[in-house]
$ cat final37.cif   # mmCIF, C-alpha atoms and all ligand atoms
data_structure
#
loop_
_atom_site.group_PDB
_atom_site.id
_atom_site.type_symbol
_atom_site.label_atom_id
_atom_site.label_comp_id
_atom_site.auth_asym_id
_atom_site.auth_seq_id
_atom_site.Cartn_x
_atom_site.Cartn_y
_atom_site.Cartn_z
ATOM 1 C CA MET G 1 30.277 11.841 -11.090
ATOM 2 C CA PRO G 2 27.044 9.815 -11.149
ATOM 3 C CA ARG G 3 25.804 8.630 -7.812
ATOM 4 C CA PRO G 4 25.839 4.883 -7.278
ATOM 5 C CA CYS G 5 22.769 2.966 -8.295
ATOM 6 C CA VAL G 6 20.344 2.685 -5.429
ATOM 7 C CA CYS G 7 20.806 -1.073 -5.413
ATOM 8 C CA GLN G 8 24.493 -0.515 -4.577
ATOM 9 C CA VAL G 9 23.867 1.792 -1.658
ATOM 10 C CA PRO G 10 24.830 0.112 1.615
ATOM 11 C CA ARG G 11 21.848 -0.821 3.702
ATOM 12 C CA ALA G 12 22.248 -0.876 7.401
ATOM 13 C CA SER G 13 19.651 -3.502 8.119
ATOM 14 C CA ALA G 14 18.500 -5.031 4.811
ATOM 15 C CA ASP G 15 18.883 -8.421 6.384
ATOM 16 C CA PRO G 16 16.205 -11.107 6.622
ATOM 17 C CA ALA G 17 17.449 -11.907 10.124
ATOM 18 C CA ALA G 18 17.034 -8.318 11.285
ATOM 19 C CA PRO G 19 13.961 -7.583 13.349
ATOM 20 C CA PRO G 20 11.145 -5.916 11.396
ATOM 21 C CA LEU G 21 10.735 -2.210 11.902
ATOM 22 C CA PHE G 22 6.971 -2.536 12.004
ATOM 23 C CA GLY G 23 4.599 -5.056 13.411
ATOM 24 C CA THR G 24 6.300 -5.491 16.762
ATOM 25 C CA SER G 25 4.579 -4.251 19.849
ATOM 26 C CA ALA G 26 7.311 -1.686 20.458
ATOM 27 C CA ALA G 27 7.261 -0.390 16.898
ATOM 28 C CA ASP G 28 3.492 -0.295 16.912
ATOM 29 C CA THR G 29 3.643 2.432 19.458
ATOM 30 C CA ILE G 30 5.656 4.743 17.230
ATOM 31 C CA ALA G 31 3.197 7.490 16.539
ATOM 32 C CA GLY G 32 2.663 8.300 12.912
ATOM 33 C CA VAL G 33 4.326 5.180 11.487
ATOM 34 C CA MET G 34 1.873 2.316 11.694
ATOM 35 C CA GLU G 35 -0.976 4.259 10.159
ATOM 36 C CA PRO G 36 0.842 5.073 6.895
ATOM 37 C CA ALA G 37 2.347 1.580 6.905
ATOM 38 C CA GLU G 38 -1.059 -0.047 7.045
ATOM 39 C CA LYS G 39 -2.388 2.366 4.431
ATOM 40 C CA MET G 40 0.510 1.506 2.129
ATOM 41 C CA CYS G 41 -0.237 -2.208 2.459
ATOM 42 C CA GLU G 42 -3.926 -1.587 1.772
ATOM 43 C CA ILE G 43 -3.100 0.353 -1.394
ATOM 44 C CA GLY G 44 -0.737 -2.411 -2.468
ATOM 45 C CA ARG G 45 -3.602 -4.893 -2.195
ATOM 46 C CA ARG G 46 -5.956 -2.600 -4.137
ATOM 47 C CA ALA G 47 -3.399 -2.029 -6.920
ATOM 48 C CA TYR G 48 -2.769 -5.776 -7.197
ATOM 49 C CA ALA G 49 -6.487 -6.618 -7.160
ATOM 50 C CA ARG G 50 -7.130 -4.117 -9.966
ATOM 51 C CA GLN G 51 -4.226 -5.563 -11.927
ATOM 52 C CA LEU G 52 -2.324 -2.295 -11.969
ATOM 53 C CA VAL G 53 0.761 -4.322 -11.079
ATOM 54 C CA ALA G 54 1.735 -7.888 -11.946
ATOM 55 C CA GLY G 55 4.291 -10.126 -10.280
ATOM 56 C CA THR G 56 6.447 -7.944 -8.056
ATOM 57 C CA GLU G 57 5.985 -4.795 -10.167
ATOM 58 C CA GLY G 58 5.332 -1.333 -8.828
ATOM 59 C CA ASN G 59 6.362 0.631 -5.768
ATOM 60 C CA LEU G 60 4.798 3.011 -3.289
ATOM 61 C CA SER G 61 6.190 5.613 -0.932
ATOM 62 C CA CYS G 62 5.160 8.419 1.379
ATOM 63 C CA ARG G 63 6.960 10.956 3.509
ATOM 64 C CA LEU G 64 7.063 10.328 7.222
ATOM 65 C CA ASP G 65 8.781 13.608 8.050
ATOM 66 C CA ALA G 66 11.260 16.053 6.526
ATOM 67 C CA GLU G 67 14.010 13.433 6.225
ATOM 68 C CA ARG G 68 12.412 9.990 6.125
ATOM 69 C CA VAL G 69 10.339 8.186 3.511
ATOM 70 C CA LEU G 70 8.373 4.982 4.038
ATOM 71 C CA CYS G 71 8.469 2.687 0.990
ATOM 72 C CA THR G 72 7.800 -0.767 -0.380
ATOM 73 C CA PRO G 73 10.535 -3.399 -0.685
ATOM 74 C CA THR G 74 11.886 -4.943 -3.845
ATOM 75 C CA GLY G 75 10.935 -8.436 -4.917
ATOM 76 C CA LEU G 76 7.562 -8.768 -3.208
ATOM 77 C CA SER G 77 4.044 -8.724 -4.647
ATOM 78 C CA LYS G 78 2.162 -5.581 -3.707
ATOM 79 C CA GLY G 79 -0.765 -7.844 -2.911
ATOM 80 C CA LEU G 80 1.131 -9.516 -0.072
ATOM 81 C CA LEU G 81 2.619 -6.568 1.793
ATOM 82 C CA THR G 82 2.555 -6.363 5.571
ATOM 83 C CA PRO G 83 3.905 -3.440 7.632
ATOM 84 C CA ALA G 84 6.880 -5.625 8.608
ATOM 85 C CA ASP G 85 7.956 -5.750 4.941
ATOM 86 C CA LEU G 86 8.241 -1.976 4.507
ATOM 87 C CA CYS G 87 11.432 0.078 4.560
ATOM 88 C CA LEU G 88 12.529 3.483 5.711
ATOM 89 C CA ILE G 89 14.858 5.468 3.447
ATOM 90 C CA ASP G 90 16.273 8.961 3.419
ATOM 91 C CA LEU G 91 15.954 11.558 0.646
ATOM 92 C CA GLU G 92 19.035 10.118 -1.061
ATOM 93 C CA ALA G 93 17.278 6.714 -1.296
ATOM 94 C CA ARG G 94 19.641 5.222 1.288
ATOM 95 C CA GLN G 95 18.011 2.579 3.401
ATOM 96 C CA LEU G 96 17.663 3.443 7.078
ATOM 97 C CA GLU G 97 15.548 0.612 8.417
ATOM 98 C CA GLY G 98 13.719 -2.510 7.348
ATOM 99 C CA ARG G 99 14.515 -6.186 7.023
ATOM 100 C CA ARG G 100 13.900 -6.195 3.266
ATOM 101 C CA ARG G 101 15.722 -4.133 0.670
ATOM 102 C CA CYS G 102 13.888 -1.072 -0.544
ATOM 103 C CA SER G 103 12.578 -0.935 -4.099
ATOM 104 C CA THR G 104 15.203 -0.306 -6.760
ATOM 105 C CA GLU G 105 13.053 2.531 -8.128
ATOM 106 C CA MET G 106 13.184 4.698 -5.003
ATOM 107 C CA ARG G 107 15.670 7.061 -6.621
ATOM 108 C CA MET G 108 12.766 8.210 -8.813
ATOM 109 C CA HIS G 109 10.521 8.707 -5.775
ATOM 110 C CA VAL G 110 13.009 10.715 -3.729
ATOM 111 C CA GLY G 111 13.780 12.841 -6.780
ATOM 112 C CA ILE G 112 10.139 13.902 -6.770
ATOM 113 C CA TYR G 113 10.179 14.619 -3.019
ATOM 114 C CA ARG G 114 13.309 16.731 -3.317
ATOM 115 C CA ALA G 115 11.929 18.683 -6.282
ATOM 116 C CA ALA G 116 8.466 19.234 -4.811
ATOM 117 C CA PRO G 117 8.274 19.725 -1.046
ATOM 118 C CA HIS G 118 4.468 19.684 -1.161
ATOM 119 C CA VAL G 119 4.339 16.109 -2.488
ATOM 120 C CA GLN G 120 3.682 13.613 0.294
ATOM 121 C CA ALA G 121 3.232 10.339 -1.603
ATOM 122 C CA VAL G 122 4.269 8.708 -4.882
ATOM 123 C CA VAL G 123 2.752 5.691 -6.648
ATOM 124 C CA HIS G 124 4.473 3.853 -9.486
ATOM 125 C CA THR G 125 2.658 1.037 -11.277
ATOM 126 C CA HIS G 126 2.442 -0.666 -14.661
ATOM 127 C CA PRO G 127 -1.287 -0.436 -15.503
ATOM 128 C CA PRO G 128 -2.033 -2.399 -18.693
ATOM 129 C CA PHE G 129 -3.855 0.282 -20.690
ATOM 130 C CA ALA G 130 -1.681 3.216 -19.646
ATOM 131 C CA THR G 131 1.447 1.149 -20.235
ATOM 132 C CA THR G 132 0.154 0.213 -23.693
ATOM 133 C CA PHE G 133 0.041 3.905 -24.592
ATOM 134 C CA SER G 134 3.498 4.394 -23.104
ATOM 135 C CA VAL G 135 4.800 1.716 -25.460
ATOM 136 C CA LEU G 136 3.189 3.607 -28.325
ATOM 137 C CA SER G 137 4.832 6.832 -27.025
ATOM 138 C CA GLU G 138 1.394 8.391 -26.797
ATOM 139 C CA ALA G 139 0.313 10.588 -23.904
ATOM 140 C CA GLY G 140 -1.777 13.678 -23.242
ATOM 141 C CA PHE G 141 -5.381 12.427 -22.995
ATOM 142 C CA ALA G 142 -6.802 15.917 -22.422
ATOM 143 C CA GLY G 143 -10.260 16.655 -23.783
ATOM 144 C CA VAL G 144 -11.453 13.051 -23.656
ATOM 145 C CA LEU G 145 -13.241 12.732 -20.306
ATOM 146 C CA PRO G 146 -14.120 15.508 -17.822
ATOM 147 C CA GLU G 147 -12.567 13.642 -14.873
ATOM 148 C CA GLY G 148 -9.325 13.346 -16.767
ATOM 149 C CA ASP G 149 -9.109 17.070 -17.454
ATOM 150 C CA ILE G 150 -10.142 18.036 -13.931
ATOM 151 C CA PHE G 151 -8.012 15.651 -11.888
ATOM 152 C CA LEU G 152 -5.132 14.638 -14.136
ATOM 153 C CA GLY G 153 -4.741 17.538 -16.569
ATOM 154 C CA THR G 154 -2.477 16.812 -19.505
ATOM 155 C CA VAL G 155 -0.382 13.714 -18.859
ATOM 156 C CA PRO G 156 3.132 14.028 -20.341
ATOM 157 C CA LEU G 157 5.335 11.218 -21.622
ATOM 158 C CA VAL G 158 8.705 10.926 -19.858
ATOM 159 C CA PRO G 159 11.415 9.703 -22.262
ATOM 160 C CA TYR G 160 12.607 6.166 -21.704
ATOM 161 C CA ARG G 161 15.430 5.620 -19.234
ATOM 162 C CA THR G 162 16.583 2.434 -17.541
ATOM 163 C CA PRO G 163 14.435 1.822 -14.426
ATOM 164 C CA GLY G 164 16.170 2.444 -11.120
ATOM 165 C CA THR G 165 18.873 4.733 -12.502
ATOM 166 C CA ALA G 166 19.647 8.339 -11.669
ATOM 167 C CA GLU G 167 18.903 9.107 -15.321
ATOM 168 C CA MET G 168 15.340 7.847 -14.844
ATOM 169 C CA ALA G 169 14.867 10.111 -11.841
ATOM 170 C CA GLU G 170 16.319 13.124 -13.677
ATOM 171 C CA ALA G 171 14.148 12.572 -16.753
ATOM 172 C CA LEU G 172 11.016 12.890 -14.634
ATOM 173 C CA LEU G 173 11.989 16.076 -12.800
ATOM 174 C CA PRO G 174 10.895 18.618 -15.444
ATOM 175 C CA TYR G 175 7.309 17.397 -15.062
ATOM 176 C CA VAL G 176 6.959 17.362 -11.289
ATOM 177 C CA GLN G 177 5.907 20.965 -10.643
ATOM 178 C CA ASP G 178 3.177 21.258 -13.263
ATOM 179 C CA HIS G 179 1.712 17.764 -13.320
ATOM 180 C CA VAL G 180 0.401 15.060 -11.001
ATOM 181 C CA ALA G 181 0.719 12.095 -13.361
ATOM 182 C CA VAL G 182 3.105 10.964 -16.091
ATOM 183 C CA LEU G 183 3.577 8.046 -18.426
ATOM 184 C CA LEU G 184 7.067 6.570 -18.437
ATOM 185 C CA GLN G 185 7.866 5.568 -21.993
ATOM 186 C CA ASN G 186 7.917 1.765 -22.429
ATOM 187 C CA HIS G 187 7.465 1.352 -18.697
ATOM 188 C CA GLY G 188 4.378 2.495 -16.763
ATOM 189 C CA THR G 189 2.955 5.372 -14.763
ATOM 190 C CA VAL G 190 3.869 7.610 -11.846
ATOM 191 C CA THR G 191 1.369 9.698 -9.889
ATOM 192 C CA TRP G 192 1.871 11.835 -6.806
ATOM 193 C CA GLY G 193 -0.166 13.833 -4.335
ATOM 194 C CA ASN G 194 -0.792 15.068 -0.825
ATOM 195 C CA ASP G 195 -1.176 11.559 0.580
ATOM 196 C CA LEU G 196 -1.112 7.923 -0.492
ATOM 197 C CA GLU G 197 -4.825 7.740 -1.201
ATOM 198 C CA THR G 198 -4.682 10.765 -3.501
ATOM 199 C CA ALA G 199 -1.631 9.528 -5.388
ATOM 200 C CA TYR G 200 -3.158 6.072 -5.807
ATOM 201 C CA VAL G 201 -6.581 7.308 -6.930
ATOM 202 C CA LEU G 202 -4.875 9.343 -9.646
ATOM 203 C CA THR G 203 -3.328 6.116 -10.942
ATOM 204 C CA GLU G 204 -6.756 4.478 -11.087
ATOM 205 C CA MET G 205 -8.158 7.522 -12.893
ATOM 206 C CA LEU G 206 -5.324 7.570 -15.400
ATOM 207 C CA GLU G 207 -5.799 3.892 -16.164
ATOM 208 C CA ALA G 208 -9.566 4.410 -16.559
ATOM 209 C CA VAL G 209 -9.024 7.232 -19.073
ATOM 210 C CA CYS G 210 -6.511 5.146 -21.012
ATOM 211 C CA ARG G 211 -8.904 2.220 -21.106
ATOM 212 C CA VAL G 212 -11.707 4.372 -22.520
ATOM 213 C CA VAL G 213 -9.380 5.868 -25.140
ATOM 214 C CA TYR G 214 -8.245 2.375 -26.127
ATOM 215 C CA GLN G 215 -11.803 1.067 -26.383
ATOM 216 C CA ALA G 216 -13.053 4.126 -28.250
ATOM 217 C CA ARG G 217 -10.333 3.746 -30.860
ATOM 218 C CA LEU G 218 -11.302 0.130 -31.392
ATOM 219 C CA LEU G 219 -14.901 1.108 -32.100
ATOM 220 C CA GLY G 220 -14.468 4.378 -33.960
ATOM 221 C CA THR G 221 -13.057 7.879 -33.842
ATOM 222 C CA ILE G 222 -12.794 9.794 -30.580
ATOM 223 C CA GLN G 223 -14.973 12.897 -30.467
ATOM 224 C CA PRO G 224 -13.211 15.244 -28.056
ATOM 225 C CA ILE G 225 -14.953 17.476 -25.544
ATOM 226 C CA PRO G 226 -15.865 20.697 -27.401
ATOM 227 C CA LEU G 227 -13.062 23.234 -27.234
ATOM 228 C CA GLU G 228 -15.358 25.948 -25.901
ATOM 229 C CA LYS G 229 -16.175 23.733 -22.912
ATOM 230 C CA ARG G 230 -12.573 22.917 -22.026
ATOM 231 C CA GLY G 231 -12.158 26.232 -20.235
ATOM 232 C CA GLU G 232 -14.823 25.245 -17.723
ATOM 233 C CA LEU G 233 -12.917 22.056 -16.964
ATOM 234 C CA ALA G 234 -9.706 24.026 -16.551
ATOM 235 C CA ARG G 235 -11.452 26.281 -14.037
ATOM 236 C CA LEU G 236 -12.768 23.266 -12.154
ATOM 237 C CA ARG G 237 -9.225 21.902 -12.066
ATOM 238 C CA GLU G 238 -7.986 25.123 -10.491
ATOM 239 C CA GLN G 239 -10.799 25.087 -7.912
ATOM 240 C CA ARG G 240 -10.571 21.421 -6.974
ATOM 241 C CA PRO G 241 -9.627 20.541 -3.428
ATOM 242 C CA THR G 242 -5.917 19.943 -3.224
ATOM 243 C CA ASP G 243 -6.411 16.585 -1.553
ATOM 244 C CA VAL G 244 -8.589 15.060 -4.291
HETATM 245 ZN ZN ZN L 301 8.531 0.158 -12.907
#
$ encode --input "final37.cif" --output "structure tokens"
Amino acid sequence: MPRPCVCQVPRASADPAAPPLFGTSAADTIAGVMEPAEKMCEIGRRAYARQLVAGTEGNLSCRLDAERVLCTPTGLSKGLLTPADLCLIDLEARQLEGRRRCSTEMRMHVGIYRAAPHVQAVVHTHPPFATTFSVLSEAGFAGVLPEGDIFLGTVPLVPYRTPGTAEMAEALLPYVQDHVAVLLQNHGTVTWGNDLETAYVLTEMLEAVCRVVYQARLLGTIQPIPLEKRGELARLREQRPTDV
């Protein structure tokens, strides 16, 4: 039987009147929570400033420990986040704490965490150029720019599913082990990594590659990196620091 949509999961304290989990003097003393909370808000501002998200689009998350995930709320611009707006959920996407409701797309995030214990952070945005290619059902982008091959590898296209559903989360799972970035068909991007900074930077890189591909096609025909040189990039990808 399908699990209930995340938006139907009871939330213990998704109540505007509830005290914020973060930003109070008592909560500020909780070791290991305020730092990722402030980092998440900073990345929300960067993603909004770079127009990787519009309106209230996009969502961010990171593991706090083996059972808890810090994440962004639904219905709030990523450019306006404060630590008091963030939520704590478990690995079933059930809300544990927070005065706002967690993002409706957290089922996708926790699916990645459950499938890949090494992943510490997930970033989902709707970058204009990458999303344009997702609407065209085009992905890949290998052999275009060295940074793309080294840091992103081949970027697969995840078949379209309704955002926020268990089906969306399941559609992404086959790509988690062997990739760090995907395009969601007719939707946007997801990147993941060892921390929030890494996962976010991969989103910026993916959008940069997509922008160059878009521009190059407008002006002419893409000349790919010579095949005989691709092996060197593959070796660099294998040697790269895991936190880049
Ligand atoms: Zn989305």
$ closest_residue --input "final37.cif" --among "G:Ala216, G:Ala116, G:Val190, G:Val209" --to "ligand ZN 301 (chain L)" --atoms "all atoms listed in the file"
G:Val190
$ residues_around --input "final37.cif" --residues "Glu147 of chain G" --least-positions-apart "6" --cutoff "9 Å" --atoms "all atoms listed in the file" --output "mmCIF file with C-alpha atoms, in the coordinates of the input"
data_model
loop_
_atom_site.group_PDB
_atom_site.id
_atom_site.type_symbol
_atom_site.label_atom_id
_atom_site.label_comp_id
_atom_site.auth_asym_id
_atom_site.auth_seq_id
_atom_site.Cartn_x
_atom_site.Cartn_y
_atom_site.Cartn_z
ATOM 1 C CA GLY G 153 -4.741 17.538 -16.569
ATOM 2 C CA MET G 205 -8.158 7.522 -12.893
ATOM 3 C CA VAL G 209 -9.024 7.232 -19.073
ATOM 4 C CA LEU G 233 -12.917 22.056 -16.964
#
$ closest_residue --input "final37.cif" --among "G:Gly143, G:Asn186, G:Arg45, G:Phe133" --to "ligand ZN 301 (chain L)" --atoms "only C-alpha atoms and all ligand atoms"
G:Asn186
$ closest_residue --input "final37.cif" --among "G:Gln95, G:Thr189, G:Gln223, G:Gln215" --to "ligand ZN 301 (chain L)" --atoms "all atoms listed in the file"
G:Thr189
$ atom_distance --input "final37.cif" --atom1 "atom CA of Pro128 of chain G" --atom2 "atom CA of Pro146 of chain G"
21.6 Å
$ closest_residue --input "final37.cif" --among "G:Arg240, G:Arg50, G:His187, G:Arg100" --to "Arg161 of chain G" --atoms "all atoms listed in the file"
G:His187
$ closest_residue --input "final37.cif" --among "G:Gln185, G:Leu227, G:Arg46, G:Val123" --to "Val110 of chain G" --atoms "all atoms listed in the file"
G:Val123
$ residues_near_ligand --input "final37.cif" --ligand "ligand ZN 301 (chain L)" --cutoff "9 Å" --atoms "all atoms listed in the file" --output "compact mmCIF listing (two decimals) with C-alpha atoms, in the coordinates of the input"
# COMPACT_ATOMS: atom_id res chain seq x y z
CA GLU G 57 5.98 -4.80 -10.17
CA GLY G 58 5.33 -1.33 -8.83
CA ASN G 59 6.36 0.63 -5.77
CA GLU G 105 13.05 2.53 -8.13
CA HIS G 124 4.47 3.85 -9.49
CA THR G 125 2.66 1.04 -11.28
CA HIS G 126 2.44 -0.67 -14.66
CA PRO G 163 14.44 1.82 -14.43
CA GLY G 164 16.17 2.44 -11.12
CA LEU G 184 7.07 6.57 -18.44
CA HIS G 187 7.46 1.35 -18.70
CA GLY G 188 4.38 2.50 -16.76
CA THR G 189 2.96 5.37 -14.76
CA VAL G 190 3.87 7.61 -11.85
$ closest_residue --input "final37.cif" --among "G:Leu183, G:Arg211, G:Thr162, G:Glu67" --to "Val144 of chain G" --atoms "all atoms listed in the file"
G:Arg211
$ atom_distance --input "final37.cif" --atom1 "atom CA of Ala208 of chain G" --atom2 "atom CA of Thr131 of chain G"
12.1 Å
$ atom_distance --input "final37.cif" --atom1 "atom CA of Thr203 of chain G" --atom2 "atom CA of Arg94 of chain G"
26.0 Å
$ resolve_selection --input "final37.cif" --expression "the PyMOL selection byres (((chain G and resi 86) around 12) and not hetatm)" --output "ChimeraX atom specification"
/G:14,19-23,33-34,36-41,44,59-62,69-76,78,80-85,87-89,95-103
$ axis_aligned_box --input "final37.cif" --around "segment 127-142 of chain G" --padding-each-side "4 Å" --output "AutoDock Vina command-line options"
--center_x -1.0 --center_y 6.8 --center_z -21.9 --size_x 19.6 --size_y 26.3 --size_z 20.8
$ residues_around --input "final37.cif" --residues "Gln51 of chain G" --least-positions-apart "3" --cutoff "8 Å" --atoms "all atoms listed in the file" --output "list in words"
Ala47, Tyr48, Ala54, Pro127 and Pro128 of chain G
$ write_last_selection --input "final37.cif" --atoms "C-alpha atoms" --output "PDB file, in the frame of the given file"
ATOM      1  CA  ALA G  47      -3.399  -2.029  -6.920  1.00  0.00           C
ATOM      2  CA  TYR G  48      -2.769  -5.776  -7.197  1.00  0.00           C
ATOM      3  CA  ALA G  54       1.735  -7.888 -11.946  1.00  0.00           C
ATOM      4  CA  PRO G 127      -1.287  -0.436 -15.503  1.00  0.00           C
ATOM      5  CA  PRO G 128      -2.033  -2.399 -18.693  1.00  0.00           C
TER       6      PRO G 128
END
$ residues_around --input "final37.cif" --residues "Val180 of chain G" --least-positions-apart "4" --cutoff "9 Å" --atoms "all atoms listed in the file" --output "MDAnalysis selection string"
chainID G and resid 151:153 155 175:176 190:193 199 202
$ resolve_selection --input "final37.cif" --expression "the PyMOL selection byres (((chain G and resi 170) around 12) and not hetatm)" --output "PyMOL selection string"
chain G and resi 2+107-112+114-115+158-169+171-176
$ build_atoms --input "final37.cif" --residues "segment 49-76 of chain G" --atoms "N, CA and C atoms" --output "compact mmCIF listing (two decimals), keeping the file's coordinate frame"
# COMPACT_ATOMS: atom_id res chain seq x y z
N ALA G 49 -5.16 -6.10 -6.83
CA ALA G 49 -6.49 -6.62 -7.16
C ALA G 49 -7.01 -6.02 -8.45
N ARG G 50 -6.67 -4.77 -8.73
CA ARG G 50 -7.13 -4.12 -9.97
C ARG G 50 -6.18 -4.36 -11.13
N GLN G 51 -5.19 -5.19 -10.89
CA GLN G 51 -4.23 -5.56 -11.93
C GLN G 51 -3.46 -4.36 -12.47
N LEU G 52 -3.18 -3.42 -11.59
CA LEU G 52 -2.32 -2.30 -11.97
C LEU G 52 -0.86 -2.67 -11.87
N VAL G 53 -0.60 -3.77 -11.19
CA VAL G 53 0.76 -4.32 -11.08
C VAL G 53 0.66 -5.84 -11.23
N ALA G 54 1.67 -6.43 -11.83
CA ALA G 54 1.74 -7.89 -11.95
C ALA G 54 3.03 -8.36 -11.30
N GLY G 55 3.06 -9.61 -10.89
CA GLY G 55 4.29 -10.13 -10.28
C GLY G 55 4.71 -9.26 -9.11
N THR G 56 5.95 -8.81 -9.15
CA THR G 56 6.45 -7.94 -8.06
C THR G 56 6.55 -6.48 -8.52
N GLU G 57 5.88 -6.16 -9.61
CA GLU G 57 5.98 -4.80 -10.17
C GLU G 57 5.46 -3.73 -9.20
N GLY G 58 5.89 -2.51 -9.49
CA GLY G 58 5.33 -1.33 -8.83
C GLY G 58 5.99 -1.03 -7.50
N ASN G 59 5.84 0.22 -7.07
CA ASN G 59 6.36 0.63 -5.77
C ASN G 59 5.62 1.86 -5.27
N LEU G 60 5.55 1.96 -3.96
CA LEU G 60 4.80 3.01 -3.29
C LEU G 60 5.70 3.67 -2.25
N SER G 61 5.44 4.95 -2.01
CA SER G 61 6.19 5.61 -0.93
C SER G 61 5.39 6.78 -0.39
N CYS G 62 5.73 7.19 0.82
CA CYS G 62 5.16 8.42 1.38
C CYS G 62 6.16 9.00 2.37
N ARG G 63 6.09 10.30 2.52
CA ARG G 63 6.96 10.96 3.51
C ARG G 63 6.47 10.63 4.91
N LEU G 64 7.41 10.42 5.81
CA LEU G 64 7.06 10.33 7.22
C LEU G 64 7.34 11.64 7.92
N ASP G 65 8.43 12.30 7.51
CA ASP G 65 8.78 13.61 8.05
C ASP G 65 9.73 14.26 7.05
N ALA G 66 10.44 15.29 7.47
CA ALA G 66 11.26 16.05 6.53
C ALA G 66 12.42 15.24 5.96
N GLU G 67 12.82 14.18 6.66
CA GLU G 67 14.01 13.43 6.22
C GLU G 67 13.77 11.97 5.92
N ARG G 68 12.62 11.44 6.29
CA ARG G 68 12.41 9.99 6.12
C ARG G 68 11.21 9.69 5.24
N VAL G 69 11.38 8.63 4.44
CA VAL G 69 10.34 8.19 3.51
C VAL G 69 10.07 6.71 3.79
N LEU G 70 8.80 6.38 3.90
CA LEU G 70 8.37 4.98 4.04
C LEU G 70 8.14 4.43 2.64
N CYS G 71 8.61 3.20 2.36
CA CYS G 71 8.47 2.69 0.99
C CYS G 71 8.35 1.17 0.97
N THR G 72 7.96 0.68 -0.20
CA THR G 72 7.80 -0.77 -0.38
C THR G 72 9.15 -1.41 -0.71
N PRO G 73 9.27 -2.70 -0.41
CA PRO G 73 10.54 -3.40 -0.68
C PRO G 73 10.58 -3.91 -2.12
N THR G 74 11.74 -4.32 -2.54
CA THR G 74 11.89 -4.94 -3.84
C THR G 74 11.54 -6.43 -3.73
N GLY G 75 11.09 -6.99 -4.84
CA GLY G 75 10.94 -8.44 -4.92
C GLY G 75 9.76 -9.03 -4.17
N LEU G 76 8.72 -8.24 -3.93
CA LEU G 76 7.56 -8.77 -3.21
C LEU G 76 6.29 -8.24 -3.87
